[in-house]
file model.txt (compact mmCIF, C-alpha atoms)
# COMPACT_ATOMS: atom_id res chain seq x y z
CA MET K 1 72.16 114.77 -8.03
CA LYS K 2 73.00 111.06 -8.39
CA LYS K 3 69.40 110.01 -7.71
CA THR K 4 68.14 112.51 -10.29
CA GLU K 5 70.63 111.28 -12.90
CA TYR K 6 69.77 107.62 -12.40
CA SER K 7 66.04 108.31 -12.32
CA SER K 8 66.24 110.30 -15.53
CA THR K 9 68.40 107.70 -17.23
CA MET K 10 66.25 104.72 -16.34
CA ASN K 11 63.17 106.51 -17.66
CA MET K 12 64.72 107.20 -21.04
CA SER K 13 63.06 105.46 -23.98
CA PRO K 14 66.31 104.05 -25.45
CA LEU K 15 66.40 101.52 -22.63
CA GLN K 16 62.71 100.85 -22.17
CA ALA K 17 62.14 98.52 -25.11
CA ASP K 18 65.65 97.08 -25.17
CA ASP K 19 64.93 94.24 -22.75
CA HIS K 20 64.22 91.81 -25.59
CA ILE K 21 67.57 92.55 -27.26
CA LEU K 22 69.50 92.19 -24.01
CA CYS K 23 67.61 89.01 -23.11
CA ASN K 24 68.48 87.44 -26.47
CA PHE K 25 72.11 88.47 -26.02
CA ASP K 26 72.08 86.92 -22.55
CA PHE K 27 70.77 83.67 -24.03
CA LEU K 28 73.55 83.72 -26.64
CA GLN K 29 76.15 84.18 -23.92
CA VAL K 30 74.63 81.34 -21.88
CA ASP K 31 74.75 79.07 -24.93
CA LYS K 32 78.36 80.10 -25.54
CA MET K 33 79.37 79.29 -21.97
CA ILE K 34 77.54 75.95 -22.02
CA GLY K 35 79.22 75.12 -25.33
CA ASN K 36 82.64 75.85 -23.82
CA LEU K 37 81.88 73.58 -20.87
CA LYS K 38 80.63 70.80 -23.15
CA ARG K 39 83.99 70.81 -24.89
CA ALA K 40 85.68 70.07 -21.57
CA GLN K 41 84.53 66.46 -22.13
CA GLY K 42 84.86 65.34 -18.54
CA GLN K 43 88.03 67.33 -17.86
CA PRO K 44 88.29 70.06 -15.18
CA ALA K 45 87.10 73.44 -16.49
CA ASN K 46 88.06 76.84 -15.09
CA LEU K 47 84.58 77.93 -14.02
CA SER K 48 85.89 81.18 -12.52
CA GLU K 49 87.16 82.25 -15.93
CA GLU K 50 83.97 81.20 -17.74
CA ILE K 51 81.70 83.05 -15.31
CA PHE K 52 83.76 86.25 -15.44
CA ALA K 53 83.76 86.25 -19.26
CA HIS K 54 79.98 85.68 -19.28
CA VAL K 55 79.22 88.56 -16.90
CA ASP K 56 81.70 90.88 -18.63
CA ALA K 57 80.03 90.30 -22.01
CA ILE K 58 76.56 91.10 -20.65
CA ILE K 59 77.64 94.27 -18.81
CA GLY K 60 79.65 95.38 -21.85
CA MET K 61 76.66 94.86 -24.14
CA THR K 62 74.45 96.88 -21.78
CA ALA K 63 76.90 99.78 -21.66
CA PHE K 64 78.35 99.90 -25.18
CA GLY K 65 75.94 97.85 -27.29
CA SER K 66 76.60 94.93 -29.63
CA VAL K 67 80.00 96.32 -30.66
CA TYR K 68 81.42 95.19 -27.31
CA GLY K 69 83.28 91.93 -27.82
CA SER K 70 83.11 92.16 -31.62
CA GLU K 71 86.09 92.50 -33.94
CA GLN K 72 85.31 96.22 -34.17
CA PHE K 73 86.01 96.60 -30.46
CA ARG K 74 89.79 96.43 -30.78
CA HIS K 75 90.47 98.09 -27.43
CA LYS K 76 88.67 95.56 -25.21
CA LYS K 77 91.72 93.76 -23.80
CA HIS K 78 93.52 96.99 -22.99
CA PHE K 79 90.35 98.42 -21.45
CA GLN K 80 89.96 95.35 -19.22
CA HIS K 81 93.61 95.60 -18.18
CA VAL K 82 93.25 99.27 -17.18
CA LEU K 83 89.95 98.53 -15.42
CA ASP K 84 91.61 95.72 -13.43
CA GLU K 85 94.40 98.11 -12.45
CA ALA K 86 91.83 100.71 -11.37
CA MET K 87 90.03 98.19 -9.14
CA ASP K 88 93.32 97.00 -7.67
CA MET K 89 94.44 100.58 -7.03
CA MET K 90 91.13 101.60 -5.43
CA ALA K 91 91.43 98.67 -3.03
CA SER K 92 95.04 99.57 -2.16
CA PHE K 93 96.14 101.75 0.74
CA SER K 94 96.00 105.47 0.06
CA ALA K 95 97.18 107.89 2.73
CA GLU K 96 94.80 110.56 1.44
CA ASP K 97 91.81 108.32 2.30
CA PHE K 98 92.77 108.49 5.98
CA PHE K 99 94.40 111.93 5.99
CA PRO K 100 92.45 114.05 3.45
CA ASN K 101 94.86 116.95 3.61
CA ALA K 102 98.22 118.11 2.27
CA ALA K 103 100.09 115.54 4.38
CA GLY K 104 98.08 112.65 2.92
CA ARG K 105 98.59 113.92 -0.62
CA LEU K 106 102.34 114.25 0.00
CA VAL K 107 102.59 110.63 1.20
CA ASP K 108 100.69 109.43 -1.89
CA ARG K 109 102.95 111.50 -4.12
CA LEU K 110 106.12 110.10 -2.55
CA SER K 111 104.83 106.50 -2.65
CA GLY K 112 103.91 106.77 -6.33
CA MET K 113 100.20 106.24 -5.66
CA GLU K 114 99.25 109.67 -7.00
CA ALA K 115 101.12 109.15 -10.29
CA ARG K 116 99.62 105.67 -10.68
CA ARG K 117 96.14 107.01 -10.01
CA GLU K 118 96.50 109.86 -12.49
CA ARG K 119 97.91 107.58 -15.19
CA CYS K 120 95.17 104.99 -14.76
CA PHE K 121 92.26 107.41 -14.77
CA HIS K 122 93.78 109.40 -17.62
CA GLU K 123 93.67 106.22 -19.72
CA LEU K 124 90.11 105.46 -18.65
CA ASP K 125 89.05 109.03 -19.37
CA GLY K 126 90.53 108.82 -22.87
CA PHE K 127 88.80 105.52 -23.53
CA PHE K 128 85.39 106.74 -22.36
CA GLN K 129 85.81 109.95 -24.36
CA MET K 130 86.46 107.85 -27.46
CA VAL K 131 83.27 105.85 -26.81
CA ILE K 132 81.23 109.05 -26.35
CA ASP K 133 82.69 110.58 -29.52
CA GLN K 134 81.79 107.43 -31.46
CA HIS K 135 78.20 107.67 -30.22
CA LEU K 136 78.07 111.36 -31.16
CA ASP K 137 79.46 110.74 -34.65
CA PRO K 138 76.80 111.90 -37.18
CA ALA K 139 77.86 109.07 -39.51
CA ARG K 140 77.06 106.43 -36.88
CA PRO K 141 73.81 104.54 -37.60
CA ARG K 142 71.12 105.80 -35.26
CA PRO K 143 69.50 103.19 -32.98
CA GLU K 144 65.87 102.44 -33.72
CA GLN K 145 63.13 103.81 -31.47
CA GLY K 146 63.42 101.92 -28.19
CA GLY K 147 66.91 100.66 -29.09
CA GLY K 148 70.39 101.76 -28.11
CA ASP K 149 72.68 101.17 -25.18
CA LEU K 150 73.46 102.88 -21.88
CA VAL K 151 75.72 105.45 -23.52
CA ASP K 152 72.92 106.39 -25.95
CA ALA K 153 70.56 106.88 -23.00
CA LEU K 154 73.06 109.00 -21.06
CA ILE K 155 73.78 111.18 -24.10
CA ALA K 156 70.03 111.70 -24.51
CA VAL K 157 69.82 112.86 -20.87
CA TRP K 158 72.76 115.21 -21.42
CA LYS K 159 71.30 116.75 -24.58
CA GLU K 160 67.78 117.17 -23.22
CA GLN K 161 68.65 118.44 -19.74
CA LYS K 162 72.03 120.13 -20.01
CA ASP K 163 70.43 123.58 -19.70
CA CYS K 164 68.58 122.84 -16.46
CA MET K 165 70.98 120.62 -14.51
CA ALA K 166 74.72 120.07 -14.20
CA PHE K 167 74.90 116.86 -16.22
CA ASP K 168 77.71 116.69 -18.75
CA GLN K 169 80.14 114.29 -20.41
CA GLU K 170 82.13 113.89 -17.20
CA ASN K 171 78.99 112.54 -15.50
CA ILE K 172 78.52 110.12 -18.40
CA LYS K 173 82.08 108.83 -17.97
CA GLY K 174 81.57 108.39 -14.24
CA MET K 175 78.36 106.43 -14.68
CA ILE K 176 79.95 104.14 -17.28
CA LEU K 177 82.81 103.45 -14.88
CA ASP K 178 80.34 102.74 -12.06
CA THR K 179 78.52 100.29 -14.34
CA PHE K 180 81.65 98.22 -14.89
CA LEU K 181 83.10 98.50 -11.39
CA GLY K 182 79.77 97.71 -9.75
CA GLY K 183 78.55 95.17 -12.30
CA VAL K 184 81.26 92.85 -13.59
CA ASP K 185 83.29 92.27 -10.44
CA THR K 186 80.50 91.90 -7.89
CA SER K 187 78.24 89.71 -10.06
CA SER K 188 80.97 87.29 -11.14
CA VAL K 189 82.36 87.03 -7.60
CA THR K 190 78.92 86.14 -6.21
CA LEU K 191 78.34 83.40 -8.80
CA ILE K 192 81.78 81.88 -8.24
CA TRP K 193 81.32 81.76 -4.47
CA ALA K 194 77.83 80.26 -4.87
CA MET K 195 79.17 77.44 -7.06
CA SER K 196 82.06 76.90 -4.64
CA GLU K 197 79.65 76.48 -1.73
CA LEU K 198 77.33 74.23 -3.73
CA ILE K 199 80.08 71.80 -4.74
CA ARG K 200 80.96 71.51 -1.05
CA SER K 201 77.31 70.79 -0.17
CA PRO K 202 76.15 67.95 -2.48
CA THR K 203 72.70 67.71 -0.86
CA VAL K 204 71.98 71.40 -1.44
CA LEU K 205 73.31 71.14 -5.00
CA ALA K 206 71.01 68.19 -5.76
CA LYS K 207 67.95 69.99 -4.34
CA ALA K 208 68.65 73.11 -6.40
CA GLN K 209 69.11 71.05 -9.58
CA ASN K 210 65.93 69.05 -8.96
CA GLU K 211 63.93 72.27 -8.50
CA LEU K 212 65.30 73.71 -11.75
CA ARG K 213 64.63 70.57 -13.77
CA GLN K 214 61.10 70.22 -12.40
CA VAL K 215 60.22 73.85 -13.18
CA LEU K 216 61.85 73.95 -16.62
CA GLY K 217 61.19 70.44 -17.86
CA ARG K 218 63.08 70.03 -21.14
CA ARG K 219 63.13 73.71 -22.13
CA ARG K 220 66.86 73.83 -21.36
CA ARG K 221 66.98 77.53 -20.60
CA VAL K 222 66.04 79.61 -17.56
CA GLU K 223 63.96 82.66 -18.49
CA PRO K 224 63.00 85.69 -16.37
CA ASP K 225 59.43 84.42 -15.87
CA ASP K 226 60.82 81.26 -14.23
CA LEU K 227 62.58 83.09 -11.40
CA PRO K 228 59.55 83.53 -9.05
CA LYS K 229 59.08 79.73 -9.14
CA LEU K 230 62.66 78.98 -8.10
CA SER K 231 62.29 79.58 -4.36
CA TYR K 232 65.01 77.13 -3.28
CA LEU K 233 67.53 78.58 -5.71
CA LYS K 234 66.68 82.04 -4.36
CA MET K 235 67.57 80.83 -0.86
CA VAL K 236 70.86 79.42 -2.17
CA VAL K 237 71.79 82.80 -3.65
CA LYS K 238 70.87 84.63 -0.43
CA GLU K 239 72.95 82.22 1.62
CA ALA K 240 75.92 82.71 -0.72
CA LEU K 241 75.57 86.48 -0.33
CA ARG K 242 75.44 86.10 3.46
CA LEU K 243 78.68 84.13 3.57
CA HIS K 244 80.44 86.00 0.78
CA PRO K 245 79.15 89.56 0.36
CA PRO K 246 80.75 91.14 -2.75
CA ALA K 247 81.95 94.08 -0.64
CA SER K 248 82.77 93.14 2.95
CA LEU K 249 82.81 96.80 3.98
CA LEU K 250 80.14 99.13 2.65
CA LEU K 251 81.14 102.55 1.37
CA PRO K 252 81.99 104.77 4.35
CA ARG K 253 79.34 106.99 5.87
CA GLU K 254 79.85 110.12 7.95
CA THR K 255 77.66 111.05 10.88
CA VAL K 256 76.05 114.47 10.53
CA ARG K 257 75.38 114.73 14.26
CA ALA K 258 76.37 113.01 17.49
CA THR K 259 74.64 109.66 17.95
CA SER K 260 74.87 106.28 19.66
CA ILE K 261 75.54 103.04 17.73
CA GLY K 262 75.50 99.70 19.51
CA GLY K 263 76.06 101.37 22.87
CA TYR K 264 78.98 103.46 21.64
CA ASP K 265 78.87 107.26 21.57
CA VAL K 266 79.80 108.53 18.10
CA GLU K 267 80.68 112.18 17.56
CA ALA K 268 79.46 114.25 14.61
CA GLY K 269 81.74 114.03 11.58
CA THR K 270 82.92 110.48 12.38
CA ARG K 271 83.56 108.20 9.41
CA ILE K 272 81.63 104.93 9.80
CA PHE K 273 82.37 101.62 8.04
CA VAL K 274 79.65 98.93 8.07
CA ASN K 275 81.15 95.41 8.19
CA VAL K 276 78.65 93.35 6.19
CA TRP K 277 80.86 90.26 6.38
CA ALA K 278 80.76 90.30 10.19
CA ILE K 279 76.97 90.84 10.23
CA GLY K 280 76.47 87.75 8.04
CA ARG K 281 78.61 85.58 10.34
CA ASP K 282 77.47 86.89 13.71
CA PRO K 283 76.83 83.82 15.94
CA GLU K 284 74.24 85.79 17.91
CA SER K 285 72.11 86.15 14.77
CA TRP K 286 72.86 82.90 12.91
CA ASP K 287 72.91 79.27 13.97
CA LYS K 288 76.21 77.78 12.72
CA PRO K 289 77.12 81.00 10.88
CA ASP K 290 80.06 79.54 8.94
CA GLU K 291 78.07 76.69 7.35
CA PHE K 292 76.33 76.88 4.03
CA SER K 293 72.80 75.77 5.21
CA LEU K 294 73.31 79.47 -10.71
CA ALA K 295 70.55 78.51 -12.57
CA ASN K 296 71.61 77.52 -16.17
CA LEU K 297 74.84 75.92 -14.99
CA LEU K 298 72.93 73.81 -12.47
CA TYR K 299 70.26 72.83 -14.98
CA CYS K 300 72.49 71.74 -17.87
CA PHE K 301 75.24 69.94 -15.97
CA ASP K 302 75.95 67.71 -13.03
CA TRP K 303 79.15 68.77 -11.33
CA THR K 304 82.00 66.80 -9.77
CA LEU K 305 85.38 67.68 -8.39
CA PRO K 306 88.55 66.82 -10.33
CA GLU K 307 89.83 63.29 -9.70
CA GLY K 308 91.42 62.87 -6.31
CA MET K 309 89.78 65.92 -4.73
CA LYS K 310 87.35 65.86 -1.81
CA THR K 311 84.83 68.53 -0.87
CA GLU K 312 87.01 69.60 2.05
CA ASP K 313 89.88 70.16 -0.41
CA VAL K 314 88.04 73.00 -2.15
CA SER K 315 89.89 76.17 -1.19
CA MET K 316 87.62 78.86 0.25
CA GLU K 317 90.49 81.29 0.82
CA GLU K 318 89.60 84.89 0.06
CA GLU K 319 91.67 87.55 -1.65
CA GLY K 320 91.06 91.20 -0.86
CA GLY K 321 90.14 93.93 -3.32
CA LEU K 322 87.08 96.05 -4.06
CA SER K 323 85.31 92.67 -3.86
CA PHE K 324 86.56 89.63 -1.97
CA HIS K 325 87.56 87.20 -4.70
CA LYS K 326 88.15 83.48 -4.41
CA LYS K 327 91.95 83.30 -4.28
CA VAL K 328 92.21 79.91 -6.04
CA PRO K 329 90.18 79.59 -9.29
CA LEU K 330 87.30 77.13 -9.14
CA TYR K 331 87.93 74.06 -11.32
CA LEU K 332 85.02 71.61 -11.67
CA VAL K 333 84.24 68.75 -14.03
CA PRO K 334 80.98 69.43 -15.95
CA ILE K 335 78.98 66.30 -16.83
CA ARG K 336 76.21 66.89 -19.34
CA TYR K 337 72.84 65.98 -17.82
CA LYS K 338 70.90 63.39 -19.82
CA TRP K 339 67.13 63.14 -19.64
CA HIS K 340 65.67 59.65 -19.27
CA ASP K 341 62.45 58.88 -21.10
call {"tool": "encode", "arguments": {"input": "model.txt", "output": "structure tokens"}}
result
Amino acid sequence: MKKTEYSSTMNMSPLQADDHILCNFDFLQVDKMIGNLKRAQGQPANLSEEIFAHVDAIIGMTAFGSVYGSEQFRHKKHFQHVLDEAMDMMASFSAEDFFPNAAGRLVDRLSGMEARRERCFHELDGFFQMVIDQHLDPARPRPEQGGGDLVDALIAVWKEQKDCMAFDQENIKGMILDTFLGGVDTSSVTLIWAMSELIRSPTVLAKAQNELRQVLGRRRRVEPDDLPKLSYLKMVVKEALRLHPPASLLLPRETVRATSIGGYDVEAGTRIFVNVWAIGRDPESWDKPDEFSLANLLYCFDWTLPEGMKTEDVSMEEEGGLSFHKKVPLYLVPIRYKWHD
């Protein structure tokens, strides 16, 4: 069902010709972030906060359209607060996850987890219903052919296929939630960890910046067509993902029949968790597994640590959740790069 829904959605015309709009919006957000960093004027800037705001704006635009982040979107702060609570709650211990029966539900009820879960998802459900109703409003201006956002595309799938498959408004709400949970948190976390590793590896940082500036020249902006030429930067991103996978444990799988994994006999019906973090740091697969052997931020600025800090002072402590965040926000001093004639 999920594969069918995603396949149908991604083939819908409302999203096919919208790349240009989203690309322009991305450029605007990049310019906004660079402008904020310019105003730091040699003072430490909270790069963690800037990156999260940048990713959130792009994902929000993709899902809800240009209204996201505008004055018309009055509910954004409350929505983000509830979304943060949902991510925190989903990463918290729930007895029902380990004991999917009446006993597990009773423990969650007594601990308050069940009430918290119902309250949080009731608020999210109401918010997503409001968004859907706004998109269904006959008075709302219709997007041009090839325009629209993710909600427009999902509504089109629902209207065209509701008689032949079980796809309704509840599916739309679930896919919107997946877009935010799987997009904002994981993307921002990856970028923050990559910058944290780069500032601790000046040689790697310099090589990545030199590659960018050679490929782009004075164009000042990384575009999609440039990405195949940025082979070193691609390796930097892969190395950051190896050391800091957004989700250390993949979603659990269940064996449908008895099997053997790594020399261990596993019975049918066993719940399996894949530890991606451990795979990326396995000394049998990687030489010096704990060592760190993107684009617009590296191109436009040189980066230094705040006065008095050394590279070894940069905290790499992790904080658990749906994604493993950097516990201490990353503060760096952006220095505007100047071209020499």
call {"tool": "residues_around", "arguments": {"input": "model.txt", "residues": "segment 167-182 of chain K", "least_positions_apart": "6", "cutoff": "7 Å", "atoms": "only C-alpha atoms", "output": "ChimeraX atom specification"}}
result
/K:59,63,128,154,158
call {"tool": "atom_distance", "arguments": {"input": "model.txt", "atom1": "atom CA of Leu298 of chain K", "atom2": "atom CA of Leu205 of chain K"}}
result
7.9 Å
call {"tool": "residues_around", "arguments": {"input": "model.txt", "residues": "Val314 of chain K", "least_positions_apart": "6", "cutoff": "10 Å", "atoms": "all atoms listed in the file", "output": "ChimeraX atom specification"}}
result
/K:196-197,199-200,305,328-331
call {"tool": "write_last_selection", "arguments": {"input": "model.txt", "atoms": "C-alpha atoms", "output": "compact mmCIF listing (two decimals), in the coordinates of the input"}}
result
# COMPACT_ATOMS: atom_id res chain seq x y z
CA SER K 196 82.06 76.90 -4.64
CA GLU K 197 79.65 76.48 -1.73
CA ILE K 199 80.08 71.80 -4.74
CA ARG K 200 80.96 71.51 -1.05
CA LEU K 305 85.38 67.68 -8.39
CA VAL K 328 92.21 79.91 -6.04
CA PRO K 329 90.18 79.59 -9.29
CA LEU K 330 87.30 77.13 -9.14
CA TYR K 331 87.93 74.06 -11.32
call {"tool": "residues_around", "arguments": {"input": "model.txt", "residues": "segment 281-287 of chain K", "least_positions_apart": "5", "cutoff": "9 Å", "atoms": "all atoms listed in the file", "output": "short mmCIF file (atom, residue, chain, number, x, y, z; two decimals) with C-alpha atoms, in the coordinates of the input"}}
result
data_model
loop_
_atom_site.label_atom_id
_atom_site.label_comp_id
_atom_site.auth_asym_id
_atom_site.auth_seq_id
_atom_site.Cartn_x
_atom_site.Cartn_y
_atom_site.Cartn_z
CA ARG K 242 75.44 86.10 3.46
CA LEU K 243 78.68 84.13 3.57
CA VAL K 276 78.65 93.35 6.19
#
call {"tool": "residues_around", "arguments": {"input": "model.txt", "residues": "segment 270-273 of chain K", "least_positions_apart": "4", "cutoff": "8 Å", "atoms": "all atoms listed in the file", "output": "list of chain:residue names"}}
result
K:Leu249, K:Leu250, K:Leu251, K:Pro252, K:Arg253, K:Glu254, K:Thr255, K:Val266
call {"tool": "residues_around", "arguments": {"input": "model.txt", "residues": "Ile51 of chain K", "least_positions_apart": "3", "cutoff": "9 Å", "atoms": "all atoms listed in the file", "output": "list in words"}}
result
Met33, Asn46, Leu47, Ser48, His54, Val55, Asp56, Ser188, Val189, Leu191 and Ile192 of chain K
call {"tool": "closest_residue", "arguments": {"input": "model.txt", "among": "K:Ala258, K:Cys300, K:Ala86, K:Ile279", "to": "Gln209 of chain K", "atoms": "only C-alpha atoms"}}
result
K:Cys300
call {"tool": "closest_residue", "arguments": {"input": "model.txt", "among": "K:Gln129, K:Arg220, K:Ser94, K:Thr62", "to": "Arg336 of chain K", "atoms": "only C-alpha atoms"}}
result
K:Arg220
call {"tool": "atom_distance", "arguments": {"input": "model.txt", "atom1": "atom CA of Phe93 of chain K", "atom2": "atom CA of Phe79 of chain K"}}
result
23.2 Å
call {"tool": "atom_distance", "arguments": {"input": "model.txt", "atom1": "atom CA of Asp133 of chain K", "atom2": "atom CA of Leu150 of chain K"}}
result
14.2 Å
call {"tool": "axis_aligned_box", "arguments": {"input": "model.txt", "around": "segment 48-65 of chain K", "padding_each_side": "6 Å", "output": "lines of an AutoDock Vina configuration file"}}
result
center_x = 80.8
center_y = 90.5
center_z = -19.9
size_x = 24.7
size_y = 30.7
size_z = 26.8
call {"tool": "closest_residue", "arguments": {"input": "model.txt", "among": "K:Glu50, K:Met87, K:Asp265, K:Glu223", "to": "Leu37 of chain K", "atoms": "all atoms listed in the file"}}
result
K:Glu50
call {"tool": "residues_near_point", "arguments": {"input": "model.txt", "point": "(82.6, 70.5, -12.3)", "cutoff": "7 Å", "atoms": "all atoms listed in the file", "output": "ChimeraX atom specification"}}
result
/K:44-45,303-305,331-334
call {"tool": "write_last_selection", "arguments": {"input": "model.txt", "atoms": "C-alpha atoms", "output": "compact mmCIF listing (two decimals), in the frame of the given file"}}
result
# COMPACT_ATOMS: atom_id res chain seq x y z
CA PRO K 44 88.29 70.06 -15.18
CA ALA K 45 87.10 73.44 -16.49
CA TRP K 303 79.15 68.77 -11.33
CA THR K 304 82.00 66.80 -9.77
CA LEU K 305 85.38 67.68 -8.39
CA TYR K 331 87.93 74.06 -11.32
CA LEU K 332 85.02 71.61 -11.67
CA VAL K 333 84.24 68.75 -14.03
CA PRO K 334 80.98 69.43 -15.95
call {"tool": "build_atoms", "arguments": {"input": "model.txt", "residues": "segment 175-187 of chain K", "atoms": "N, CA and C atoms", "output": "PDB file, keeping the file's coordinate frame"}}
result
ATOM      1  N   MET K 175      79.409 107.446 -14.773  1.00  0.00           N
ATOM      2  CA  MET K 175      78.360 106.430 -14.680  1.00  0.00           C
ATOM      3  C   MET K 175      78.736 105.172 -15.453  1.00  0.00           C
ATOM      4  N   ILE K 176      79.462 105.317 -16.556  1.00  0.00           N
ATOM      5  CA  ILE K 176      79.950 104.140 -17.280  1.00  0.00           C
ATOM      6  C   ILE K 176      80.931 103.368 -16.409  1.00  0.00           C
ATOM      7  N   LEU K 177      81.836 104.100 -15.765  1.00  0.00           N
ATOM      8  CA  LEU K 177      82.810 103.450 -14.880  1.00  0.00           C
ATOM      9  C   LEU K 177      82.110 102.731 -13.738  1.00  0.00           C
ATOM     10  N   ASP K 178      81.103 103.375 -13.139  1.00  0.00           N
ATOM     11  CA  ASP K 178      80.340 102.740 -12.060  1.00  0.00           C
ATOM     12  C   ASP K 178      79.678 101.454 -12.541  1.00  0.00           C
ATOM     13  N   THR K 179      79.187 101.470 -13.787  1.00  0.00           N
ATOM     14  CA  THR K 179      78.520 100.290 -14.340  1.00  0.00           C
ATOM     15  C   THR K 179      79.454  99.098 -14.381  1.00  0.00           C
ATOM     16  N   PHE K 180      80.695  99.329 -14.804  1.00  0.00           N
ATOM     17  CA  PHE K 180      81.650  98.220 -14.890  1.00  0.00           C
ATOM     18  C   PHE K 180      82.184  97.822 -13.517  1.00  0.00           C
ATOM     19  N   LEU K 181      82.559  98.818 -12.706  1.00  0.00           N
ATOM     20  CA  LEU K 181      83.100  98.500 -11.390  1.00  0.00           C
ATOM     21  C   LEU K 181      82.063  97.809 -10.512  1.00  0.00           C
ATOM     22  N   GLY K 182      80.820  98.269 -10.594  1.00  0.00           N
ATOM     23  CA  GLY K 182      79.770  97.710  -9.750  1.00  0.00           C
ATOM     24  C   GLY K 182      79.058  96.522 -10.346  1.00  0.00           C
ATOM     25  N   GLY K 183      79.286  96.246 -11.643  1.00  0.00           N
ATOM     26  CA  GLY K 183      78.550  95.170 -12.300  1.00  0.00           C
ATOM     27  C   GLY K 183      79.361  93.911 -12.524  1.00  0.00           C
ATOM     28  N   VAL K 184      80.485  94.034 -13.199  1.00  0.00           N
ATOM     29  CA  VAL K 184      81.260  92.850 -13.590  1.00  0.00           C
ATOM     30  C   VAL K 184      81.838  92.141 -12.371  1.00  0.00           C
ATOM     31  N   ASP K 185      82.561  92.884 -11.550  1.00  0.00           N
ATOM     32  CA  ASP K 185      83.290  92.270 -10.440  1.00  0.00           C
ATOM     33  C   ASP K 185      82.358  91.636  -9.423  1.00  0.00           C
ATOM     34  N   THR K 186      81.371  92.396  -8.954  1.00  0.00           N
ATOM     35  CA  THR K 186      80.500  91.900  -7.890  1.00  0.00           C
ATOM     36  C   THR K 186      79.641  90.724  -8.347  1.00  0.00           C
ATOM     37  N   SER K 187      79.117  90.787  -9.566  1.00  0.00           N
ATOM     38  CA  SER K 187      78.240  89.710 -10.060  1.00  0.00           C
ATOM     39  C   SER K 187      79.010  88.419 -10.256  1.00  0.00           C
TER      40      SER K 187
END
